[in-house]
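Report on the structure given below.
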Amino acid sequence: MASNWQVELIEPQYDSLAVRVDPVGRIAVGWGNSPAAGPSGREAVYWTRGLAGSWQRHWLGALPNTQFMSQASGIARVGPNRLIVGFSGVFSEVILPTIWRVKGHQLPQMAGLPLLPGFTSGSANAISKDGSRIVGNCWDADFVFQACVWDYVPASGSYVVSNLKDRLSALGVTAADGWTLWHTSGV
């Protein structure tokens, strides 16, 4: 089966990596070595593809309570909004799972997502098409990882976190008994 996809360089002036592309192929998310992040830092970024085929970069920033480093790893388009998930911070200190909300050409609004109780860091790795569910992982100071799920609660306008293995067990799924579920990469 043939495809019309092609590999191309999005922007040569920054070291960068596109991690995920939306299903339409017009938005890519990832990270780049931005001026704000410094020479060895990374900043979350999304690129939009114009009708003429050129890409435009949009830096997303980092949470103010973390070291300035961030990365985007998932995207959903919900109406006029782009919901982008990833993390903010550095692995050797604190990393917080992060969601950026971008409406049209406005500046992104960012927020940290809650962590599982007892955990100190986390990363949001993917988001469902409708933005209602995010998957990722949380870890503690000893680097014990657990896969987790964030569900959107419309009444509060926020996300709540749960342990993926606990959710599977509550649904009667026993295939994961005895396993450590530590990473998720897609919804």
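Please note that chains go A, B, ... in the order of the structure tokens, that every chain numbers its residues from 1, and that ligands are numbered from 1 in the order shown.
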Got a sec: who's within 7 Å of stretch 134-141 of chain A, counting only C-alpha atoms, leaving out chain neighbours fewer than 6 positions off, as a PyMOL selection string?
-> chain A and resi 115-116+118-128+147-151+182-187
So what do you get for atom CA of A:Trp100 versus atom CA of A:Asn33, distance-wise?
-> 18.4 Å
Expressed in Å to a single decimal, how great is the separation between atom CA of A:Val29 and atom CA of A:Pro114?
-> 21.9 Å
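Pairwise distance (atom CA of A:Thr66, atom CA of A:Ser88) equals 6.5 Å.
Considering the residues A:Ala72, A:Leu168, A:Leu181, A:Val21 and counting only C-alpha atoms, A:Val144 has its shortest atom-to-atom contact with A:Leu181.
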Please report, as number ranges by chain, each residue of chain A to which DSSP assigns strand (DSSP E) when run on this structure's backbone.
-> A: 16-21, 27-32, 43-49, 55-61, 70-78, 81-89, 95-103, 109-112, 121-127, 133-139, 145-153, 158-163
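Around A:Leu17, within 7 Å and counting only C-alpha atoms, the residues found are Gly30, Trp31 and Gly32 of chain A, once anything fewer than 3 positions away on its own chain is removed.
With only C-alpha atoms as the atoms that count, the residue of A:Val102, A:Ala155, A:Ile75, A:Val85 with the shortest distance to A:His58 is A:Val102.
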